[in-house]
>>> print(open('my_file_0.cif').read())   # mmCIF, C-alpha atoms
data_protein
#
loop_
_atom_site.label_atom_id
_atom_site.label_comp_id
_atom_site.auth_asym_id
_atom_site.auth_seq_id
_atom_site.Cartn_x
_atom_site.Cartn_y
_atom_site.Cartn_z
CA MET A 1 -50.81 -43.00 -10.87
CA SER A 2 -52.70 -43.96 -14.00
CA SER A 3 -51.06 -45.32 -17.13
CA LEU A 4 -51.90 -42.10 -18.99
CA GLU A 5 -50.10 -39.99 -16.39
CA GLU A 6 -47.09 -42.32 -16.47
CA THR A 7 -47.00 -42.08 -20.25
CA HIS A 8 -47.20 -38.30 -20.09
CA ASN A 9 -44.40 -38.12 -17.52
CA LEU A 10 -42.20 -40.40 -19.59
CA GLN A 11 -42.83 -38.28 -22.67
CA GLN A 12 -41.87 -35.13 -20.76
CA GLN A 13 -38.70 -36.75 -19.44
CA LEU A 14 -37.82 -37.94 -22.93
CA LYS A 15 -38.38 -34.44 -24.29
CA ILE A 16 -36.11 -32.95 -21.63
CA ALA A 17 -33.44 -35.58 -22.30
CA ARG A 18 -33.52 -34.89 -26.03
CA GLN A 19 -33.17 -31.16 -25.41
CA GLU A 20 -30.20 -31.75 -23.10
CA ILE A 21 -28.53 -33.96 -25.71
CA PHE A 22 -29.14 -31.30 -28.34
CA ASN A 23 -27.60 -28.62 -26.11
CA LEU A 24 -24.59 -30.81 -25.37
CA ARG A 25 -24.04 -31.43 -29.07
CA ARG A 26 -24.12 -27.70 -29.77
CA GLN A 27 -21.67 -27.00 -26.96
CA LEU A 28 -19.31 -29.74 -28.19
CA SER A 29 -19.46 -28.37 -31.71
CA LYS A 30 -18.60 -24.85 -30.53
CA LEU A 31 -15.77 -26.15 -28.34
CA GLN A 32 -14.39 -28.07 -31.32
CA HIS A 33 -14.35 -24.87 -33.38
CA LEU A 34 -12.63 -22.96 -30.58
CA GLN A 35 -10.07 -25.71 -30.14
CA ARG A 36 -9.39 -25.80 -33.88
CA ASP A 37 -8.82 -22.03 -33.92
CA GLU A 38 -6.44 -22.24 -30.97
CA ILE A 39 -4.50 -25.08 -32.61
CA ASN A 40 -4.16 -23.05 -35.81
CA ILE A 41 -2.83 -20.08 -33.82
CA VAL A 42 -0.24 -22.29 -32.11
CA LYS A 43 0.77 -23.92 -35.40
CA SER A 44 1.15 -20.52 -37.03
CA ALA A 45 3.33 -19.32 -34.15
CA ILE A 46 5.52 -22.42 -34.39
CA ASP A 47 5.91 -22.07 -38.15
CA LYS A 48 6.92 -18.41 -37.84
CA TRP A 49 9.22 -18.83 -34.83
CA GLN A 50 12.92 -18.09 -35.33
CA CYS A 51 15.81 -17.67 -32.97
CA SER A 52 17.47 -14.26 -32.76
CA ASN A 53 20.33 -15.24 -35.11
CA CYS A 54 17.94 -16.61 -37.70
CA ARG A 55 15.87 -13.41 -37.56
CA LYS A 56 18.99 -11.33 -38.19
CA GLN A 57 19.99 -13.53 -41.14
CA THR A 58 16.47 -13.38 -42.57
CA ALA A 59 16.37 -9.59 -42.23
CA GLY A 60 19.75 -9.30 -43.96
CA ALA A 61 18.70 -11.63 -46.78
CA GLU A 62 15.47 -9.69 -47.35
CA SER A 63 17.45 -6.48 -47.80
CA ILE A 64 19.47 -8.14 -50.63
CA VAL A 65 17.11 -10.60 -52.29
CA PRO A 66 14.21 -9.07 -54.28
CA THR A 67 10.82 -9.54 -52.68
CA SER A 68 9.11 -12.62 -54.08
CA LYS A 69 5.49 -12.73 -55.06
CA PRO A 70 3.10 -13.47 -52.17
CA PRO A 71 1.72 -17.02 -52.15
CA LYS A 72 -1.52 -17.51 -53.99
CA PRO A 73 -4.48 -17.85 -51.60
CA ALA A 74 -5.84 -21.35 -51.29
CA GLU A 75 -8.92 -21.96 -53.41
CA LYS A 76 -12.19 -22.88 -51.77
CA GLU A 77 -14.97 -24.85 -53.36
CA PHE A 78 -18.62 -24.19 -52.55
CA SER A 79 -21.62 -26.40 -53.19
CA PRO A 80 -24.94 -24.74 -54.09
CA ILE A 81 -27.57 -24.75 -51.35
CA GLY A 82 -30.41 -24.66 -53.83
CA ILE A 83 -31.63 -23.83 -57.30
CA ILE A 84 -33.84 -21.13 -58.80
CA HIS A 85 -36.71 -21.84 -61.16
CA SER A 86 -37.79 -18.79 -63.14
CA GLU A 87 -39.69 -17.93 -66.31
CA PHE A 88 -36.49 -16.99 -68.16
CA PRO A 89 -34.97 -20.09 -69.83
CA ARG A 90 -32.13 -18.17 -71.54
CA ILE A 91 -29.84 -15.23 -70.83
CA ARG A 92 -31.35 -13.22 -73.65
CA GLY A 93 -34.38 -11.36 -72.35
CA THR A 94 -33.63 -11.96 -68.67
CA PRO A 95 -33.96 -8.69 -66.70
CA ARG A 96 -30.67 -7.09 -65.72
CA GLN A 97 -31.96 -5.87 -62.33
CA PRO A 98 -34.53 -7.36 -59.92
CA THR A 99 -36.67 -4.19 -59.73
CA ILE A 100 -37.65 -4.43 -63.41
CA THR A 101 -40.04 -7.35 -62.82
CA MET A 102 -40.80 -6.71 -59.15
CA ARG A 103 -44.59 -7.06 -59.55
CA ASN A 104 -44.92 -9.08 -62.74
CA THR A 105 -43.33 -12.48 -62.20
CA ILE A 106 -42.70 -14.97 -59.40
CA ALA A 107 -39.78 -17.39 -59.16
CA THR A 108 -38.94 -20.13 -56.67
CA LEU A 109 -35.80 -21.05 -54.78
CA THR A 110 -35.74 -24.68 -53.68
CA LEU A 111 -33.24 -25.74 -51.02
CA ASN A 112 -31.34 -28.97 -51.66
CA ASN A 113 -32.01 -31.93 -49.41
CA GLU A 114 -28.28 -32.66 -49.46
CA VAL A 115 -27.47 -29.48 -47.52
CA PHE A 116 -29.67 -30.19 -44.51
CA THR A 117 -31.61 -33.28 -43.51
CA ASN A 118 -34.61 -31.02 -42.94
CA PRO A 119 -34.03 -28.00 -45.20
CA SER A 120 -37.32 -26.39 -44.15
CA HIS A 121 -35.90 -25.98 -40.64
CA ALA A 122 -33.23 -23.64 -42.05
CA LEU A 123 -36.01 -21.32 -43.27
CA GLN A 124 -37.76 -21.00 -39.91
CA ASP A 125 -38.77 -17.38 -39.16
CA LEU A 126 -37.50 -16.13 -42.52
CA GLU A 127 -41.09 -15.16 -43.40
CA ASP A 128 -40.84 -12.45 -40.73
CA PHE A 129 -38.65 -10.55 -43.20
CA SER A 130 -40.07 -8.93 -46.32
CA HIS A 131 -36.93 -8.99 -48.49
CA LEU A 132 -34.01 -11.28 -49.12
CA TRP A 133 -30.50 -11.15 -50.57
CA ILE A 134 -29.77 -14.02 -52.97
CA ILE A 135 -26.14 -14.85 -53.77
CA PHE A 136 -25.98 -16.94 -56.92
CA VAL A 137 -23.67 -18.08 -59.73
CA PHE A 138 -23.69 -16.76 -63.31
CA ASN A 139 -23.47 -20.33 -64.61
CA ARG A 140 -24.67 -19.58 -68.16
CA HIS A 141 -22.16 -16.86 -69.03
CA PRO A 142 -18.82 -17.42 -70.79
CA LYS A 143 -16.02 -18.04 -68.31
CA HIS A 144 -13.69 -15.23 -69.30
CA ALA A 145 -13.29 -12.22 -67.07
CA LYS A 146 -12.78 -8.78 -68.60
CA PRO A 147 -11.13 -5.83 -66.78
CA LYS A 148 -13.37 -3.44 -68.71
CA VAL A 149 -16.94 -3.97 -69.86
CA ALA A 150 -19.57 -1.97 -71.74
CA PRO A 151 -22.81 -1.87 -69.71
CA PRO A 152 -25.95 -1.27 -71.80
CA ARG A 153 -26.65 1.94 -69.88
CA LEU A 154 -23.37 3.46 -71.12
CA ASN A 155 -24.31 2.79 -74.77
CA GLY A 156 -20.95 1.35 -75.76
CA ARG A 157 -18.60 3.23 -73.44
CA ARG A 158 -16.33 0.89 -71.49
CA THR A 159 -15.64 1.08 -67.77
CA GLY A 160 -14.03 -1.05 -65.05
CA VAL A 161 -15.84 -4.29 -64.34
CA PHE A 162 -15.83 -3.66 -60.59
CA ALA A 163 -17.70 -0.40 -61.17
CA THR A 164 -20.56 -2.38 -62.71
CA ARG A 165 -22.79 -5.39 -62.03
CA SER A 166 -21.68 -7.18 -65.16
CA PRO A 167 -21.74 -11.01 -65.03
CA HIS A 168 -18.33 -11.12 -66.78
CA ARG A 169 -16.32 -11.17 -63.54
CA PRO A 170 -13.27 -13.09 -62.22
CA CYS A 171 -15.61 -14.76 -59.72
CA PRO A 172 -18.97 -14.95 -61.54
CA ILE A 173 -21.16 -14.34 -58.50
CA GLY A 174 -24.42 -12.39 -58.59
CA LEU A 175 -26.26 -10.58 -55.80
CA SER A 176 -29.95 -9.67 -55.97
CA LEU A 177 -32.40 -8.15 -53.52
CA VAL A 178 -35.83 -9.76 -53.93
CA LYS A 179 -39.18 -9.65 -52.16
CA ILE A 180 -40.37 -12.73 -50.28
CA GLU A 181 -43.91 -13.64 -51.34
CA LYS A 182 -44.34 -16.84 -49.35
CA ILE A 183 -42.44 -19.87 -48.03
CA VAL A 184 -43.77 -23.41 -48.35
CA GLU A 185 -41.63 -26.09 -46.68
CA ASN A 186 -38.19 -25.81 -48.38
CA VAL A 187 -39.34 -23.54 -51.24
CA ILE A 188 -39.16 -19.73 -51.25
CA TYR A 189 -41.47 -17.89 -53.64
CA PHE A 190 -40.11 -14.44 -54.48
CA SER A 191 -40.64 -11.52 -56.86
CA GLY A 192 -37.97 -9.32 -58.37
CA VAL A 193 -36.53 -11.97 -60.69
CA ASP A 194 -33.34 -11.32 -62.65
CA MET A 195 -31.98 -14.89 -62.76
CA VAL A 196 -32.04 -17.45 -65.54
CA ASN A 197 -33.94 -20.69 -64.92
CA GLU A 198 -31.94 -23.33 -62.99
CA THR A 199 -29.49 -20.80 -61.55
CA PRO A 200 -27.51 -22.33 -58.64
CA VAL A 201 -27.67 -20.44 -55.33
CA LEU A 202 -24.72 -20.19 -52.93
CA ASP A 203 -26.40 -18.43 -50.00
CA ILE A 204 -29.35 -16.34 -48.88
CA LYS A 205 -29.51 -13.63 -46.21
CA PRO A 206 -32.41 -11.51 -44.92
CA TYR A 207 -32.40 -7.84 -45.88
CA ILE A 208 -32.06 -5.68 -42.76
CA PRO A 209 -32.12 -1.94 -43.55
CA GLN A 210 -30.58 -1.10 -40.17
CA TYR A 211 -27.41 -2.92 -41.32
CA ASP A 212 -27.62 -2.97 -45.12
CA GLN A 213 -28.74 0.56 -45.93
CA PRO A 214 -26.21 3.39 -45.44
CA ASN A 215 -27.41 6.35 -43.38
CA TYR A 216 -30.48 4.38 -42.38
CA GLY A 217 -33.21 6.22 -40.44
CA MET A 218 -36.15 4.52 -38.75
CA LYS A 219 -38.61 6.40 -41.02
CA SER A 220 -36.75 5.49 -44.22
CA ASN A 221 -38.64 3.85 -47.03
CA PHE A 222 -37.37 0.82 -48.87
CA LEU A 223 -34.07 1.54 -50.66
CA GLN A 224 -34.45 5.33 -50.32
CA HIS A 225 -30.69 5.81 -50.16
CA TYR A 226 -30.27 3.42 -53.11
CA THR A 227 -32.67 5.33 -55.35
CA GLU A 228 -31.19 8.69 -54.35
CA LYS A 229 -27.74 7.46 -55.26
CA LEU A 230 -28.93 6.02 -58.59
CA GLY A 231 -31.48 8.72 -59.31
CA THR A 232 -30.02 9.39 -62.76
CA ALA A 233 -30.40 5.76 -63.77
CA VAL A 234 -34.01 5.69 -62.56
CA GLU A 235 -34.77 8.85 -64.54
CA LEU A 236 -33.28 7.22 -67.65
CA VAL A 237 -35.67 4.30 -67.23
CA CYS A 238 -38.60 6.66 -66.79
CA ASP A 239 -37.66 8.62 -69.90
CA SER A 240 -37.02 5.68 -72.19
CA GLU A 241 -39.39 2.89 -71.13
CA SER A 242 -43.15 2.48 -71.19
CA ASP A 243 -45.44 4.10 -68.61
CA GLU A 244 -46.00 0.76 -66.90
CA GLU A 245 -42.27 0.14 -66.48
CA SER A 246 -41.75 3.74 -65.38
CA GLU A 247 -44.28 3.31 -62.58
CA GLU A 248 -42.52 0.11 -61.59
CA ALA A 249 -39.12 1.77 -61.44
CA GLN A 250 -40.54 4.64 -59.39
CA SER A 251 -42.21 2.24 -56.99
CA ILE A 252 -38.83 1.14 -55.61
CA SER A 253 -38.96 3.76 -52.88
CA GLY A 254 -42.58 2.97 -52.02
CA ASN A 255 -42.15 -0.63 -50.90
CA ASP A 256 -42.29 -1.10 -47.15
CA VAL A 257 -39.67 -3.26 -45.54
CA ARG A 258 -40.67 -5.70 -42.80
CA VAL A 259 -38.28 -7.10 -40.22
CA PRO A 260 -38.96 -9.10 -37.03
CA ILE A 261 -39.29 -7.13 -33.82
CA TRP A 262 -36.02 -8.48 -32.40
CA ILE A 263 -34.19 -6.45 -35.05
CA THR A 264 -35.63 -3.11 -33.91
CA GLU A 265 -36.14 -4.05 -30.25
CA SER A 266 -33.38 -6.49 -29.37
CA PRO A 267 -33.78 -8.42 -26.10
CA VAL A 268 -30.03 -7.93 -25.59
CA HIS A 269 -29.49 -4.60 -23.83
CA PRO A 270 -26.76 -2.27 -25.21
CA LEU A 271 -23.80 -2.05 -22.85
CA THR A 272 -22.12 0.88 -21.15
CA ILE A 273 -18.35 0.83 -21.56
CA SER A 274 -15.97 1.64 -18.74
CA PHE A 275 -12.17 1.71 -19.08
CA GLU A 276 -9.98 1.05 -16.07
CA GLU A 277 -7.27 3.64 -15.55
CA ASN A 278 -4.66 0.97 -16.18
CA ALA A 279 -6.18 0.12 -19.57
CA LEU A 280 -6.17 3.78 -20.63
CA LYS A 281 -2.52 4.12 -19.65
CA GLN A 282 -1.65 1.01 -21.64
CA LEU A 283 -3.37 2.40 -24.75
CA HIS A 284 -1.35 5.62 -24.52
CA VAL A 285 1.92 3.80 -23.85
CA LEU A 286 1.45 1.42 -26.80
CA ASN A 287 0.60 4.16 -29.30
CA PRO A 288 -0.14 7.71 -28.05
CA GLU A 289 -1.32 8.94 -31.46
CA ARG A 290 -3.89 6.18 -31.86
CA ALA A 291 -4.97 5.84 -28.23
CA ASN A 292 -8.26 7.75 -28.57
CA GLY A 293 -9.13 6.10 -31.89
CA ARG A 294 -8.48 2.63 -30.51
CA LYS A 295 -10.55 3.43 -27.43
CA ARG A 296 -13.50 4.38 -29.67
CA LEU A 297 -13.02 1.23 -31.75
CA ILE A 298 -12.94 -1.05 -28.70
CA SER A 299 -16.02 0.69 -27.27
CA SER A 300 -18.02 0.31 -30.49
CA VAL A 301 -17.32 -3.45 -30.57
CA LEU A 302 -18.11 -4.04 -26.90
CA ARG A 303 -21.26 -1.87 -26.87
CA GLU A 304 -23.14 -4.49 -28.93
CA ASP A 305 -21.74 -7.40 -26.86
CA PRO A 306 -19.51 -9.56 -29.09
CA ARG A 307 -20.04 -12.67 -26.94
CA SER A 308 -21.97 -15.60 -28.33
CA THR A 309 -25.13 -16.67 -26.52
CA TYR A 310 -23.27 -19.72 -25.24
CA LEU A 311 -20.43 -17.66 -23.73
CA ARG A 312 -22.85 -15.09 -22.35
CA HIS A 313 -24.69 -17.74 -20.34
CA LYS A 314 -21.72 -19.99 -19.62
CA LEU A 315 -19.05 -17.48 -18.55
CA GLY A 316 -21.22 -14.69 -17.19
CA SER A 317 -18.96 -12.14 -15.50
CA ALA A 318 -15.79 -14.18 -16.05
CA SER A 319 -12.89 -12.52 -17.85
CA TYR A 320 -13.36 -12.20 -21.63
CA ARG A 321 -10.24 -11.86 -23.80
CA TRP A 322 -10.36 -11.00 -27.49
CA ARG A 323 -8.10 -9.67 -30.20
CA ILE A 324 -8.37 -6.54 -32.32
CA GLU A 325 -5.60 -5.46 -34.70
CA ASP A 326 -2.34 -6.24 -32.84
CA LEU A 327 -3.90 -5.94 -29.37
CA PHE A 328 -5.38 -8.30 -26.81
CA VAL A 329 -8.23 -6.71 -24.85
CA GLU A 330 -9.29 -8.18 -21.51
CA CYS A 331 -12.61 -7.18 -20.00
CA THR A 332 -15.35 -8.32 -17.64
CA PHE A 333 -19.11 -8.10 -18.20
CA ASN A 334 -21.68 -7.15 -15.58
CA ASP A 335 -24.88 -8.43 -17.19
CA ASP A 336 -27.11 -7.31 -14.31
CA ASP A 337 -26.12 -3.66 -14.72
CA HIS A 338 -25.35 -3.88 -18.47
CA ILE A 339 -21.78 -2.66 -18.00
CA VAL A 340 -18.51 -3.95 -19.41
CA ASN A 341 -15.21 -2.96 -17.84
CA VAL A 342 -12.05 -2.94 -19.96
CA ASN A 343 -9.36 -4.13 -17.54
CA SER A 344 -6.22 -4.27 -19.66
CA VAL A 345 -4.83 -3.87 -23.16
CA CYS A 346 -1.59 -5.45 -24.33
CA MET A 347 0.30 -6.24 -27.52
CA CYS A 348 -0.18 -9.66 -29.11
CA ASP A 349 2.78 -12.02 -28.87
CA ILE A 350 2.11 -13.34 -32.38
#
>>> encode(input="my_file_0.cif", output="structure tokens")
Amino acid sequence: MSSLEETHNLQQQLKIARQEIFNLRRQLSKLQHLQRDEINIVKSAIDKWQCSNCRKQTAGAESIVPTSKPPKPAEKEFSPIGIIHSEFPRIRGTPRQPTITMRNTIATLTLNNEVFTNPSHALQDLEDFSHLWIIFVFNRHPKHAKPKVAPPRLNGRRTGVFATRSPHRPCPIGLSLVKIEKIVENVIYFSGVDMVNETPVLDIKPYIPQYDQPNYGMKSNFLQHYTEKLGTAVELVCDSESDEESEEAQSISGNDVRVPIWITESPVHPLTISFEENALKQLHVLNPERANGRKRLISSVLREDPRSTYLRHKLGSASYRWRIEDLFVECTFNDDDHIVNVNSVCMCDI
């Protein structure tokens, strides 16, 4: 064997070894998450456990003592994943919606190197999508939430803040749907800019009409449902703005959405659901009025296969147990025939 062949063989072996190490690290990480979840469940059960006498005393005390306020949820801090650079240095003059400047200006979103060692890897295959959700922070606005606000469209009339997209919110988080123009390394170039320059970004997600657009049909145009719902607002723009801006507002429904083929033609086959007679009896015994509704709910979850790729390949047809509402559902998957059998349904102990 020549030295070149030996070198090639060693390189192949090294490549295989690296892939195996990578797979092992992923499996260990997932197992750690599963173990952490199980530990939390056990801790919660221990914290809530009471003997029968203690439960009676607690029930009697609750009937006398006024109900106290529920504990305040623990706060969670988030670090931005990147920053936006746009042509709008100040709040004043910045478009209120992304569709206003859809064709006229380009901004960039640069991922931080602190988030990932190789941030460009996190953007792999994102260019297969045409549009993107950007979740960002209104970092330039005064930090005082208002229960009622006066959107410019209402010309002074006030309405509930959660019925608007006002930046004056308890959690000043913005959400915009933009069009991906190109991706270069760790930088996304996009149109549809309604963010101030140096806006911090919390997360990005691809726009998938099959999931994001209500009543989606395969022949739908971009945001058809959205424009139908807000048709009055679009007409107001067309009546009050210039011809150029009117054409831009009307072009919302003409933009074609692009998604990768695995969205429309998933390699994972939809499953056929089969309930064992014992499982159906258990559903009726537990709650006769909700038996049919719970059966439909369980079927809808299982039809799209809730297993992770790791569990799908690792466990195969082994028993799969999961929780929904106050029930534990046990089932087995037949991946060759694309069938899942629901074997039993029981109440959760905790």
>>> closest_residue(input="my_file_0.cif", among="A:Asn341, A:Ser176, A:Thr332, A:Gln210", to="Ser299 in chain A", atoms="all atoms listed in the file")
A:Asn341
>>> residues_around(input="my_file_0.cif", residues="Leu286 in chain A", least_positions_apart="2", cutoff="10 Å", atoms="all atoms listed in the file", output="list of chain:residue names")
A:Lys281, A:Gln282, A:Leu283, A:His284, A:Pro288, A:Glu289, A:Arg290, A:Ala291, A:Leu327, A:Val345, A:Cys346, A:Met347
>>> residues_around(input="my_file_0.cif", residues="Asn118 in chain A", least_positions_apart="4", cutoff="9 Å", atoms="all atoms listed in the file", output="PyMOL selection string")
chain A and resi 113+122+186
>>> resolve_selection(input="my_file_0.cif", expression="the PyMOL selection byres ((chain A and resi 205) around 6)", output="list of chain:residue names")
A:Leu132, A:Trp133, A:Ile204, A:Pro206
>>> atom_distance(input="my_file_0.cif", atom1="CA of Gly316 in chain A", atom2="CA of Arg36 in chain A")
23.3 Å
>>> closest_residue(input="my_file_0.cif", among="A:Trp262, A:Lys143, A:Thr309, A:Val340", to="Ser274 in chain A", atoms="all atoms listed in the file")
A:Val340
>>> resolve_selection(input="my_file_0.cif", expression="the PyMOL selection byres ((chain A and resi 165) around 12)", output="list in words")
Arg96, Gln97, Phe138, Lys148, Val149, Ala150, Pro151, Pro152, Arg153, Thr159, Gly160, Val161, Phe162, Ala163, Thr164, Ser166, Pro167, His168, Arg169, Pro172, Ile173, Gly174, Leu175 and Ser176 of chain A
>>> write_last_selection(input="my_file_0.cif", atoms="C-alpha atoms", output="PDB file, in the frame of the given file")
ATOM      1  CA  ARG A  96     -30.670  -7.090 -65.720  1.00  0.00           C
ATOM      2  CA  GLN A  97     -31.960  -5.870 -62.330  1.00  0.00           C
ATOM      3  CA  PHE A 138     -23.690 -16.760 -63.310  1.00  0.00           C
ATOM      4  CA  LYS A 148     -13.370  -3.440 -68.710  1.00  0.00           C
ATOM      5  CA  VAL A 149     -16.940  -3.970 -69.860  1.00  0.00           C
ATOM      6  CA  ALA A 150     -19.570  -1.970 -71.740  1.00  0.00           C
ATOM      7  CA  PRO A 151     -22.810  -1.870 -69.710  1.00  0.00           C
ATOM      8  CA  PRO A 152     -25.950  -1.270 -71.800  1.00  0.00           C
ATOM      9  CA  ARG A 153     -26.650   1.940 -69.880  1.00  0.00           C
ATOM     10  CA  THR A 159     -15.640   1.080 -67.770  1.00  0.00           C
ATOM     11  CA  GLY A 160     -14.030  -1.050 -65.050  1.00  0.00           C
ATOM     12  CA  VAL A 161     -15.840  -4.290 -64.340  1.00  0.00           C
ATOM     13  CA  PHE A 162     -15.830  -3.660 -60.590  1.00  0.00           C
ATOM     14  CA  ALA A 163     -17.700  -0.400 -61.170  1.00  0.00           C
ATOM     15  CA  THR A 164     -20.560  -2.380 -62.710  1.00  0.00           C
ATOM     16  CA  SER A 166     -21.680  -7.180 -65.160  1.00  0.00           C
ATOM     17  CA  PRO A 167     -21.740 -11.010 -65.030  1.00  0.00           C
ATOM     18  CA  HIS A 168     -18.330 -11.120 -66.780  1.00  0.00           C
ATOM     19  CA  ARG A 169     -16.320 -11.170 -63.540  1.00  0.00           C
ATOM     20  CA  PRO A 172     -18.970 -14.950 -61.540  1.00  0.00           C
ATOM     21  CA  ILE A 173     -21.160 -14.340 -58.500  1.00  0.00           C
ATOM     22  CA  GLY A 174     -24.420 -12.390 -58.590  1.00  0.00           C
ATOM     23  CA  LEU A 175     -26.260 -10.580 -55.800  1.00  0.00           C
ATOM     24  CA  SER A 176     -29.950  -9.670 -55.970  1.00  0.00           C
TER      25      SER A 176
END
>>> atom_distance(input="my_file_0.cif", atom1="CA of Glu185 in chain A", atom2="CA of His121 in chain A")
8.3 Å
>>> closest_residue(input="my_file_0.cif", among="A:Lys179, A:Thr272, A:Glu277, A:Trp322", to="Asn334 in chain A", atoms="all atoms listed in the file")
A:Thr272
>>> residues_around(input="my_file_0.cif", residues="range 88-91 of chain A", least_positions_apart="3", cutoff="6 Å", atoms="all atoms listed in the file", output="compact mmCIF listing (two decimals) with C-alpha atoms, in the coordinates of the input")
# COMPACT_ATOMS: atom_id res chain seq x y z
CA THR A 94 -33.63 -11.96 -68.67
CA VAL A 196 -32.04 -17.45 -65.54
CA ASN A 197 -33.94 -20.69 -64.92
>>> atom_distance(input="my_file_0.cif", atom1="CA of Ile183 in chain A", atom2="CA of Pro209 in chain A")
21.2 Å
>>> resolve_selection(input="my_file_0.cif", expression="the PyMOL selection byres ((chain A and resi 319) around 8)", output="ChimeraX atom specification")
/A:315,317-318,320-321,330-333
